[in-house]
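This is my_file_36.tsv (TSV, C-alpha atoms and all ligand atoms).
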chain	number	residue	atom	x	y	z
A	278	MET	CA	135.77	89.76	83.92
A	279	HIS	CA	133.87	86.85	85.47
A	280	ILE	CA	130.90	85.89	83.30
A	281	THR	CA	128.37	86.34	86.11
A	282	ASP	CA	129.57	89.95	86.50
A	283	ILE	CA	129.15	90.46	82.75
A	284	PHE	CA	125.56	89.21	82.81
A	285	GLN	CA	124.82	91.35	85.85
A	286	ALA	CA	126.39	94.49	84.40
A	287	SER	CA	124.78	94.44	80.96
A	288	SER	CA	122.26	91.97	79.62
A	289	PRO	CA	121.58	90.82	77.02
A	290	THR	CA	125.15	90.05	76.09
A	291	PHE	CA	126.49	90.19	72.53
A	292	SER	CA	129.52	88.04	71.89
A	293	PHE	CA	131.63	86.86	68.97
A	294	GLU	CA	133.31	83.53	68.33
A	295	PHE	CA	136.61	83.07	66.48
A	296	PHE	CA	138.72	80.06	65.62
A	297	PRO	CA	142.54	80.04	65.73
A	298	PRO	CA	143.94	80.37	62.20
A	299	LYS	CA	146.77	78.12	61.06
A	300	THR	CA	148.68	80.38	58.64
A	301	GLU	CA	150.33	83.79	59.10
A	302	ALA	CA	148.15	85.33	56.38
A	303	SER	CA	144.94	84.13	58.01
A	304	VAL	CA	146.14	85.39	61.42
A	305	GLU	CA	146.44	88.88	59.94
A	306	ARG	CA	143.02	88.56	58.27
A	307	LEU	CA	141.55	87.52	61.62
A	308	TYR	CA	143.03	90.50	63.45
A	309	HIS	CA	141.69	92.76	60.73
A	310	ALA	CA	138.21	91.26	61.28
A	311	ILE	CA	138.57	91.58	65.06
A	312	ARG	CA	139.56	95.24	64.75
A	313	GLU	CA	136.50	95.85	62.56
A	314	LEU	CA	134.26	94.18	65.12
A	315	GLN	CA	135.75	95.98	68.10
A	316	PRO	CA	133.60	99.13	67.70
A	317	LEU	CA	130.51	96.93	68.25
A	318	LYS	CA	131.73	96.61	71.86
A	319	PRO	CA	131.18	92.88	72.44
A	320	SER	CA	130.38	91.70	75.96
A	321	PHE	CA	133.02	88.99	75.42
A	322	VAL	CA	134.62	86.99	72.65
A	323	SER	CA	135.37	83.27	72.58
A	324	VAL	CA	138.00	81.15	70.83
A	325	THR	CA	137.37	77.57	69.72
A	326	TYR	CA	139.52	74.54	70.52
A	327	GLY	CA	140.43	72.37	67.54
A	328	ALA	CA	138.97	68.87	67.30
A	329	GLY	CA	140.91	66.52	69.57
A	330	GLY	CA	142.86	69.39	71.14
A	331	SER	CA	144.62	70.08	67.84
A	332	THR	CA	144.84	73.85	68.49
A	333	ARG	CA	145.92	73.73	72.13
A	334	ASP	CA	148.67	76.36	71.81
A	335	LEU	CA	147.04	78.31	68.99
A	336	THR	CA	143.88	78.73	71.07
A	337	HIS	CA	145.91	79.77	74.09
A	338	ASP	CA	147.94	82.32	72.12
A	339	LEU	CA	144.91	83.84	70.42
A	340	VAL	CA	143.03	84.09	73.73
A	341	VAL	CA	145.90	85.82	75.48
A	342	ARG	CA	146.70	88.15	72.56
A	343	ALA	CA	143.05	89.07	71.89
A	344	ARG	CA	142.47	89.90	75.54
A	345	LYS	CA	145.56	92.08	75.70
A	346	GLU	CA	145.08	93.89	72.41
A	347	LEU	CA	141.31	94.32	72.53
A	348	ASN	CA	140.91	94.69	76.26
A	349	VAL	CA	137.82	92.50	76.09
A	350	THR	CA	136.94	89.41	78.12
A	351	THR	CA	138.12	86.44	76.07
A	352	ILE	CA	136.81	82.95	76.76
A	353	PRO	CA	138.75	79.88	75.63
A	354	HIS	CA	136.84	76.75	74.66
A	355	LEU	CA	138.29	73.61	76.24
A	356	THR	CA	137.37	70.02	75.43
A	357	CYS	CA	137.80	66.59	77.01
A	358	VAL	CA	138.98	64.76	73.89
A	359	CYS	CA	142.54	63.34	73.96
A	360	HIS	CA	143.41	64.95	77.30
A	361	SER	CA	144.67	63.57	80.59
A	362	GLU	CA	143.90	65.19	83.95
A	363	GLN	CA	147.44	66.55	83.97
A	364	ASP	CA	146.92	68.16	80.53
A	365	ILE	CA	143.79	69.94	81.72
A	366	GLN	CA	145.42	70.96	84.99
A	367	SER	CA	148.32	72.63	83.18
A	368	ILE	CA	146.04	74.31	80.62
A	369	LEU	CA	143.96	75.77	83.46
A	370	GLN	CA	147.07	76.86	85.33
A	371	ARG	CA	148.40	78.63	82.23
A	372	TYR	CA	145.08	80.46	81.69
A	373	ALA	CA	144.87	81.38	85.37
A	374	GLY	CA	148.42	82.74	85.17
A	375	HIS	CA	147.33	85.03	82.32
A	376	GLY	CA	144.29	86.22	84.24
A	377	ILE	CA	141.75	84.54	81.94
A	378	SER	CA	138.45	84.62	83.82
A	379	ASN	CA	136.22	82.04	82.14
A	380	ILE	CA	136.25	78.72	80.29
A	381	LEU	CA	133.68	77.18	77.95
A	382	ALA	CA	133.79	73.51	79.04
A	383	LEU	CA	132.87	71.07	76.27
A	384	GLY	CA	132.79	67.40	75.44
A	385	GLY	CA	134.57	68.14	72.18
A	386	ASP	CA	134.62	66.83	68.67
A	387	PRO	CA	136.78	63.72	68.09
A	388	PRO	CA	140.09	64.20	66.23
A	389	ARG	CA	139.77	64.35	62.42
A	390	ASP	CA	142.05	61.34	62.09
A	391	LEU	CA	140.26	58.76	64.20
A	392	ALA	CA	142.99	56.12	63.81
A	393	GLY	CA	144.35	55.32	67.26
A	394	TYR	CA	141.78	57.45	69.10
A	395	ASP	CA	140.31	55.64	72.07
A	396	LYS	CA	137.62	57.66	73.85
A	397	ALA	CA	137.85	55.38	76.86
A	398	ALA	CA	141.39	56.67	77.40
A	399	ASP	CA	140.22	60.29	77.85
A	400	ALA	CA	140.37	61.31	81.50
A	401	PHE	CA	137.02	63.07	81.14
A	402	GLN	CA	134.27	61.27	79.29
A	403	HIS	CA	131.74	64.11	79.27
A	404	ALA	CA	131.71	67.86	79.66
A	405	VAL	CA	130.22	67.47	83.14
A	406	ASP	CA	133.48	65.82	84.29
A	407	LEU	CA	135.42	68.81	82.99
A	408	VAL	CA	133.06	71.22	84.77
A	409	ARG	CA	133.61	69.32	88.03
A	410	PHE	CA	137.38	69.41	87.52
A	411	ILE	CA	137.36	73.16	86.87
A	412	LYS	CA	135.29	73.67	90.02
A	413	LYS	CA	137.85	71.64	91.95
A	414	PHE	CA	140.62	73.76	90.42
A	415	ASN	CA	138.66	76.89	91.45
A	416	GLY	CA	138.57	75.56	95.01
A	417	SER	CA	142.37	75.31	95.07
A	418	GLY	CA	142.66	79.10	95.18
A	419	THR	CA	145.18	79.20	92.29
A	420	HIS	CA	143.05	81.53	90.16
A	421	PRO	CA	143.55	85.27	90.62
A	422	ASP	CA	139.82	86.19	90.46
A	423	PRO	CA	139.44	89.01	93.01
A	424	GLY	CA	136.16	87.49	94.25
A	425	GLY	CA	137.87	84.11	94.84
A	426	ARG	CA	135.42	82.43	92.47
A	427	GLY	CA	138.02	81.11	90.04
A	428	PHE	CA	136.98	80.53	86.43
A	429	GLY	CA	133.45	81.29	85.32
A	430	ILE	CA	132.17	78.26	83.40
A	431	GLY	CA	130.06	78.00	80.27
A	432	VAL	CA	128.61	74.81	78.79
A	433	ALA	CA	126.99	73.88	75.47
A	434	GLY	CA	123.27	73.37	74.90
A	435	PHE	CA	121.49	71.98	71.85
A	436	PRO	CA	118.03	73.46	71.12
A	437	GLU	CA	117.38	70.82	68.45
A	438	GLY	CA	118.97	68.02	70.47
A	439	HIS	CA	122.45	66.51	70.45
A	440	PRO	CA	122.76	63.56	68.06
A	441	GLY	CA	124.58	61.49	70.71
A	442	THR	CA	121.49	61.25	72.91
A	443	PRO	CA	118.27	60.65	70.97
A	444	ASN	CA	116.28	60.49	74.23
A	445	ARG	CA	115.53	64.17	74.80
A	446	LEU	CA	114.50	63.68	78.43
A	447	THR	CA	117.80	61.97	79.23
A	448	GLU	CA	119.63	64.66	77.30
A	449	MET	CA	118.05	67.34	79.49
A	450	ASP	CA	119.17	65.38	82.57
A	451	HIS	CA	122.73	65.54	81.22
A	452	LEU	CA	122.47	69.29	80.71
A	453	LYS	CA	121.08	69.70	84.22
A	454	GLN	CA	124.05	67.72	85.58
A	455	LYS	CA	126.42	70.26	84.00
A	456	VAL	CA	124.48	73.12	85.55
A	457	ASP	CA	124.34	71.44	88.96
A	458	ALA	CA	128.08	70.81	88.71
A	459	GLY	CA	128.61	74.56	88.55
A	460	ALA	CA	128.07	75.97	85.05
A	461	ASP	CA	127.35	79.70	85.02
A	462	TYR	CA	125.79	79.96	81.55
A	463	ILE	CA	124.77	77.92	78.53
A	464	CYS	CA	125.71	78.79	74.96
A	465	THR	CA	123.66	77.05	72.31
A	466	GLN	CA	124.46	75.37	69.07
A	467	LEU	CA	123.36	77.37	66.02
A	468	PHE	CA	119.71	77.10	64.98
A	469	PHE	CA	117.61	78.72	62.25
A	470	ASP	CA	114.13	78.51	63.76
A	471	ASN	CA	113.70	80.52	66.94
A	472	HIS	CA	110.82	78.29	68.07
A	473	ASP	CA	113.42	75.59	68.71
A	474	PHE	CA	115.30	77.97	70.99
A	475	TYR	CA	112.20	79.14	72.88
A	476	ASP	CA	111.07	75.56	73.41
A	477	PHE	CA	114.55	74.60	74.63
A	478	ARG	CA	114.55	77.57	77.01
A	479	ASP	CA	111.12	76.52	78.37
A	480	ARG	CA	112.29	72.91	78.78
A	481	CYS	CA	115.36	74.14	80.66
A	482	GLU	CA	113.15	76.16	82.96
A	483	LEU	CA	110.94	73.11	83.59
A	484	ALA	CA	114.08	71.12	84.44
A	485	GLY	CA	115.02	73.75	87.03
A	486	ILE	CA	117.81	75.33	84.96
A	487	ASN	CA	117.93	79.01	85.78
A	488	ILE	CA	121.26	80.23	84.40
A	489	PRO	CA	121.49	82.55	81.34
A	490	ILE	CA	121.03	80.81	77.98
A	491	VAL	CA	122.87	82.51	75.15
A	492	ALA	CA	121.58	81.91	71.61
A	493	GLY	CA	124.15	80.85	69.00
A	494	ILE	CA	123.57	82.55	65.64
A	495	MET	CA	125.40	81.80	62.41
A	496	PRO	CA	124.38	83.68	59.27
A	497	ILE	CA	124.63	81.64	56.07
A	498	SER	CA	127.28	83.29	53.90
A	499	SER	CA	127.59	80.90	50.94
A	500	ALA	CA	126.18	77.68	49.54
A	501	LYS	CA	129.41	75.87	50.39
A	502	GLY	CA	129.40	77.36	53.90
A	503	MET	CA	125.87	76.09	54.41
A	504	GLN	CA	126.93	72.55	53.50
A	505	ARG	CA	129.83	72.76	55.92
A	506	MET	CA	127.59	74.14	58.64
A	507	ALA	CA	125.18	71.23	58.15
A	508	GLU	CA	128.07	68.83	58.61
A	509	LEU	CA	129.67	70.49	61.62
A	510	SER	CA	126.50	71.22	63.55
A	511	ALA	CA	125.30	67.64	63.01
A	512	GLY	CA	121.52	67.58	63.18
A	513	SER	CA	120.70	71.28	62.67
A	514	ARG	CA	117.45	71.85	60.84
A	515	PHE	CA	117.31	74.06	57.77
A	516	PRO	CA	113.67	75.23	57.61
A	517	ALA	CA	111.97	75.09	54.18
A	518	PRO	CA	111.35	78.89	53.99
A	519	LEU	CA	115.08	79.48	54.50
A	520	LEU	CA	116.02	76.90	51.87
A	521	ARG	CA	113.45	78.38	49.45
A	522	SER	CA	115.01	81.81	49.89
A	523	ILE	CA	118.48	80.39	49.26
A	524	HIS	CA	117.32	78.44	46.19
A	525	ARG	CA	115.83	81.64	44.75
A	526	CYS	CA	119.36	83.12	44.70
A	527	GLY	CA	120.53	80.55	42.16
A	528	GLU	CA	124.30	80.78	41.76
A	529	ASP	CA	124.53	84.43	42.86
A	530	PRO	CA	126.92	84.45	45.88
A	531	ASP	CA	126.06	88.05	46.86
A	532	ALA	CA	122.36	87.23	46.91
A	533	ILE	CA	122.97	84.16	49.12
A	534	LYS	CA	124.95	86.28	51.53
A	535	ARG	CA	122.21	88.93	51.61
A	536	VAL	CA	119.55	86.30	52.29
A	537	GLY	CA	121.66	84.70	55.03
A	538	ILE	CA	122.20	88.05	56.75
A	539	HIS	CA	118.53	88.97	56.41
A	540	TRP	CA	117.46	85.67	58.00
A	541	ALA	CA	119.91	86.04	60.89
A	542	THR	CA	118.85	89.69	61.39
A	543	GLU	CA	115.21	88.62	61.74
A	544	GLN	CA	116.23	85.87	64.16
A	545	CYS	CA	118.12	88.40	66.31
A	546	ARG	CA	115.28	90.95	66.23
A	547	ASP	CA	112.84	88.28	67.37
A	548	LEU	CA	115.23	86.97	70.07
A	549	LEU	CA	115.63	90.49	71.46
A	550	ASP	CA	111.83	90.90	71.50
A	551	HIS	CA	111.68	87.65	73.48
A	552	HIS	CA	114.17	88.80	76.11
A	553	VAL	CA	117.06	86.55	75.17
A	554	ALA	CA	119.89	86.52	77.75
A	555	GLY	CA	122.53	86.90	75.05
A	556	ILE	CA	123.36	86.39	71.38
A	557	HIS	CA	126.61	84.68	70.40
A	558	PHE	CA	127.66	85.25	66.78
A	559	TYR	CA	129.61	82.48	65.10
A	560	THR	CA	131.70	84.88	62.98
A	561	LEU	CA	133.85	82.34	61.08
A	562	ASN	CA	136.59	84.97	61.52
A	563	GLN	CA	134.75	87.43	59.24
A	564	SER	CA	133.34	90.77	60.29
A	565	ASP	CA	130.91	91.69	57.48
A	566	ALA	CA	127.85	89.66	58.41
A	567	THR	CA	127.89	90.56	62.12
A	568	ARG	CA	128.44	94.26	61.39
A	569	GLN	CA	125.63	94.20	58.84
A	570	ILE	CA	123.25	92.57	61.32
A	571	PHE	CA	123.94	95.28	63.92
A	572	GLN	CA	123.39	97.91	61.23
A	573	ASN	CA	120.14	96.29	60.06
A	574	LEU	CA	118.92	96.32	63.65
A	575	GLY	CA	119.61	100.05	63.81
A	576	ALA	CA	122.44	99.84	66.33
A	577	ASN	CA	126.03	101.08	66.21
A	578	ASP	CA	127.13	98.79	68.99
A	579	SER	CA	125.98	96.33	71.67
A	580	GLY	CA	124.71	99.19	73.85
A	581	GLY	CA	122.42	100.25	71.00
A	582	LEU	CA	120.94	96.75	70.80
A	583	ARG	CA	120.07	96.90	74.50
A	584	GLN	CA	117.84	99.98	74.06
B	601	LIG	C1	128.71	76.72	71.78
B	601	LIG	C2	129.48	75.53	71.28
B	601	LIG	C3	130.87	75.63	71.15
B	601	LIG	C4	131.61	74.52	70.71
B	601	LIG	N1	132.97	74.65	70.59
B	601	LIG	C5	133.72	73.57	70.27
B	601	LIG	C6	135.14	73.63	70.22
B	601	LIG	O1	135.73	74.69	70.42
B	601	LIG	N2	135.84	72.49	69.95
B	601	LIG	C7	135.21	71.28	69.73
B	601	LIG	O2	135.90	70.28	69.50
B	601	LIG	N3	133.85	71.20	69.74
B	601	LIG	C8	133.10	72.30	70.01
B	601	LIG	N4	131.73	72.21	70.05
B	601	LIG	C9	131.10	70.93	69.69
B	601	LIG	C10	130.87	70.04	70.90
B	601	LIG	O3	132.05	69.80	71.60
B	601	LIG	C11	130.28	68.72	70.42
B	601	LIG	O4	129.03	68.97	69.79
B	601	LIG	C12	130.13	67.66	71.48
B	601	LIG	O5	129.68	66.47	70.84
B	601	LIG	C13	129.09	68.01	72.52
B	601	LIG	O6	129.63	68.84	73.45
B	601	LIG	P1	129.02	68.97	74.93
B	601	LIG	O7	129.89	69.95	75.60
B	601	LIG	O8	127.58	69.20	74.91
B	601	LIG	O9	129.34	67.50	75.47
B	601	LIG	P2	128.67	66.64	76.61
B	601	LIG	O10	127.96	67.48	77.60
B	601	LIG	O11	129.72	65.73	77.08
B	601	LIG	O12	127.57	65.83	75.79
B	601	LIG	C14	127.93	65.04	74.67
B	601	LIG	C15	126.93	63.90	74.54
B	601	LIG	O13	127.07	63.03	75.67
B	601	LIG	C16	125.86	62.94	76.39
B	601	LIG	N5	126.18	62.92	77.83
B	601	LIG	C17	126.53	63.98	78.59
B	601	LIG	N6	126.75	63.59	79.86
B	601	LIG	C18	126.54	62.25	79.88
B	601	LIG	C19	126.63	61.26	80.89
B	601	LIG	N7	126.95	61.58	82.14
B	601	LIG	N8	126.36	59.96	80.55
B	601	LIG	C20	126.04	59.62	79.28
B	601	LIG	N9	125.93	60.53	78.28
B	601	LIG	C21	126.18	61.82	78.58
B	601	LIG	C22	125.06	64.19	76.01
B	601	LIG	O14	123.67	64.00	76.17
B	601	LIG	C23	125.48	64.37	74.57
B	601	LIG	O15	124.73	63.53	73.72
B	601	LIG	C24	130.95	73.30	70.42
B	601	LIG	C25	129.56	73.21	70.55
B	601	LIG	C26	128.83	74.31	70.97
B	601	LIG	C27	127.33	74.22	71.08

Mind turning this structure into structure tokens?
Amino acid sequence: MHITDIFQASSPTFSFEFFPPKTEASVERLYHAIRELQPLKPSFVSVTYGAGGSTRDLTHDLVVRARKELNVTTIPHLTCVCHSEQDIQSILQRYAGHGISNILALGGDPPRDLAGYDKAADAFQHAVDLVRFIKKFNGSGTHPDPGGRGFGIGVAGFPEGHPGTPNRLTEMDHLKQKVDAGADYICTQLFFDNHDFYDFRDRCELAGINIPIVAGIMPISSAKGMQRMAELSAGSRFPAPLLRSIHRCGEDPDAIKRVGIHWATEQCRDLLDHHVAGIHFYTLNQSDATRQIFQNLGANDSGGLRQ
């Protein structure tokens, strides 16, 4: 289903993000988690693209299988890093051939092994170039969307700012370029203080950005996970009250998990009270935290959260 139809049919949206596992055992664990999350009736799910395009086929296979088995709109992430125009063209063609309706168009993280990586050699330097290319592809009429719109397009937004552009005014110009190029929605980086999200949303509105902005939420599930999160989301703030709550748990992993879920639950409750367009859960391929948050909010599924 095209993302604009999803937003029109039932807002706010509730969506889940997965990453493609690399081993058979973790594939089975992922499908177990997905089956446990299915009763929550997500508006859509999304599948990440490994740094430097390292999961090109794995992402494709998971997207196609998840859509078929779960009968839910599945959105592949796609990044510019290490790709030629021809690469992107054939990836889009393959997704179009499988009836995939939307793409999350991203700049992308550089490959883990930086040796030999030359950013200047990438056909697309920024996500905006990818958005423009997808729009051009949409214009070619290759995509089977019944409305002739081609792929719906999502882009990333950073409530606390992206480390690559310290000038926040310039950064907003870059985001606006992606929207003007044809993005249909924005999904944000994780954040722990909702004020950052509300301020970002206001700044978007001032910049003339009027597409839905979906809030990215990642519950802290362990001390190690928190460290990894801090690394991956480069620049995310961990507010002192959150850190104090985590420190109080000492070495107790269950307590840390409980605190992380409680914090994320309160974030979601507050976002819903402030009419968020959607909440995107970074699940890390686990079901417990997301299911617990729904339960804490008194809902059996996404429909319940919309009451
Ligand atoms: C929701 C979400 C999902 C993600 N999923 C993945 C994933 O699956 N795989 C992955 O590898 N990474 C993923 N990332 C990480 C993301 O790719 C990186 O954080 C990347 O550095 C920024 O992506 P972007 O799409 O905002 O890039 P861009 O929009 O290209 O922006 C990157 C930087 O370049 C600047 N910039 C943009 N346009 C211009 C311009 N015209 N001129 C000069 N500077 C410009 C921006 O201000 C910013 O600082 C995800 C991030 C988010 C928020």

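Minimum atom-to-atom distance to ligand LIG 601 (chain B), evaluated using all atoms listed in the file, belongs to A:His403 out of A:His420, A:His403, A:Lys412, A:Lys453.
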
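Coordinates place atom CA of His360 of chain A at a distance of 14.5 Å from atom O7 of ligand LIG 601 (chain B).
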
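In this comparison, which uses all atoms listed in the file, the residue of A:Leu483, A:Ala458, A:Ala500, A:Ala532 approaching ligand LIG 601 (chain B) most closely is A:Ala458.
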
Throw together the list of residues within 7 Å of ligand LIG 601 (chain B), counting all atoms listed in the file, and drop it here as a PyMOL selection string.
-> chain A and resi 324-329+354-356+382-387+402-405+432-435+439-442+447-448+451-452+464-466+493

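Using all atoms listed in the file, the shortest contact distance between Lys318 of chain A and any of A:Gln569, A:Thr290, A:Gln454, A:Thr336 is found at A:Thr290.
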
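Distances to Thr567 of chain A were evaluated for A:Gly485, A:Pro496, A:Gly393, A:Gly427 using all atoms listed in the file, and the minimum falls at A:Pro496.
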
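Closest approach to Leu335 of chain A among A:Pro297, A:Ser303, A:Pro316, A:Gly425: A:Pro297, based on all atoms listed in the file.
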
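Counting from atom CA of Met278 of chain A, the distance to atom CA of Asn415 of chain A is 15.2 Å.
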
Take the point (121.3, 90.2, 63.9) as written in the file and pick out every residue within 6 Å of it, counting all atoms listed in the file; give the list as a PyMOL selection string.
-> chain A and resi 541-542+545+570-571

Only C-alpha atoms, please: the residues just picked out, written as a PDB file, in the frame of the given file.
ATOM      1  CA  ALA A 541     119.910  86.040  60.890  1.00  0.00           C
ATOM      2  CA  THR A 542     118.850  89.690  61.390  1.00  0.00           C
ATOM      3  CA  CYS A 545     118.120  88.400  66.310  1.00  0.00           C
ATOM      4  CA  ILE A 570     123.250  92.570  61.320  1.00  0.00           C
ATOM      5  CA  PHE A 571     123.940  95.280  63.920  1.00  0.00           C
TER       6      PHE A 571
END

Leu317 of chain A: which residues within 10 Å, counting all atoms listed in the file, same-chain residues fewer than 3 positions away excluded, as a compact mmCIF listing (two decimals) with C-alpha atoms, in the frame of the given file?
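New file selection.txt:
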# COMPACT_ATOMS: atom_id res chain seq x y z
CA PHE A 291 126.49 90.19 72.53
CA SER A 292 129.52 88.04 71.89
CA ARG A 312 139.56 95.24 64.75
CA GLU A 313 136.50 95.85 62.56
CA LEU A 314 134.26 94.18 65.12
CA SER A 320 130.38 91.70 75.96
CA THR A 567 127.89 90.56 62.12
CA ARG A 568 128.44 94.26 61.39
CA PHE A 571 123.94 95.28 63.92
CA ALA A 576 122.44 99.84 66.33
CA ASN A 577 126.03 101.08 66.21
CA ASP A 578 127.13 98.79 68.99
CA SER A 579 125.98 96.33 71.67
CA GLY A 580 124.71 99.19 73.85
CA GLY A 581 122.42 100.25 71.00
CA LEU A 582 120.94 96.75 70.80

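With distances taken over all atoms listed in the file, A:Gly537 is the one residue among A:Gly376, A:Pro443, A:Gly537, A:Gly502 lying closest to Arg521 of chain A.
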
I need segment 508-520 of chain A from the structure I supplied, saved as a CSV table (one decimal), in the first residue's frame with N, CA and C atoms retained.
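Done, and the output landed in result_21.csv:
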chain,number,residue,atom,x,y,z
A,508,GLU,N,26.6,4.9,19.9
A,508,GLU,CA,27.6,4.8,18.8
A,508,GLU,C,26.9,5.0,17.5
A,509,LEU,N,25.8,4.2,17.3
A,509,LEU,CA,25.2,4.1,16.0
A,509,LEU,C,24.4,5.4,15.7
A,510,SER,N,23.7,5.9,16.7
A,510,SER,CA,22.9,7.1,16.5
A,510,SER,C,23.7,8.4,16.6
A,511,ALA,N,25.0,8.3,16.5
A,511,ALA,CA,25.9,9.4,16.6
A,511,ALA,C,25.3,10.7,17.0
A,512,GLY,N,25.4,11.2,18.2
A,512,GLY,CA,25.0,12.5,18.6
A,512,GLY,C,23.7,12.5,19.5
A,513,SER,N,23.0,11.3,19.6
A,513,SER,CA,21.8,11.3,20.4
A,513,SER,C,22.1,11.6,21.9
A,514,ARG,N,21.2,12.4,22.4
A,514,ARG,CA,21.4,12.8,23.8
A,514,ARG,C,20.7,11.8,24.8
A,515,PHE,N,21.4,11.5,25.9
A,515,PHE,CA,20.8,10.7,26.9
A,515,PHE,C,20.6,11.6,28.1
A,516,PRO,N,19.3,12.0,28.3
A,516,PRO,CA,19.0,13.0,29.4
A,516,PRO,C,19.4,12.4,30.8
A,517,ALA,N,19.8,13.3,31.6
A,517,ALA,CA,20.3,12.9,33.0
A,517,ALA,C,19.2,12.1,33.7
A,518,PRO,N,17.9,12.5,33.7
A,518,PRO,CA,17.0,11.6,34.5
A,518,PRO,C,16.9,10.2,34.0
A,519,LEU,N,17.1,10.0,32.7
A,519,LEU,CA,17.1,8.6,32.1
A,519,LEU,C,18.4,7.9,32.6
A,520,LEU,N,19.5,8.6,32.5
A,520,LEU,CA,20.8,8.0,33.0
A,520,LEU,C,20.7,7.6,34.5
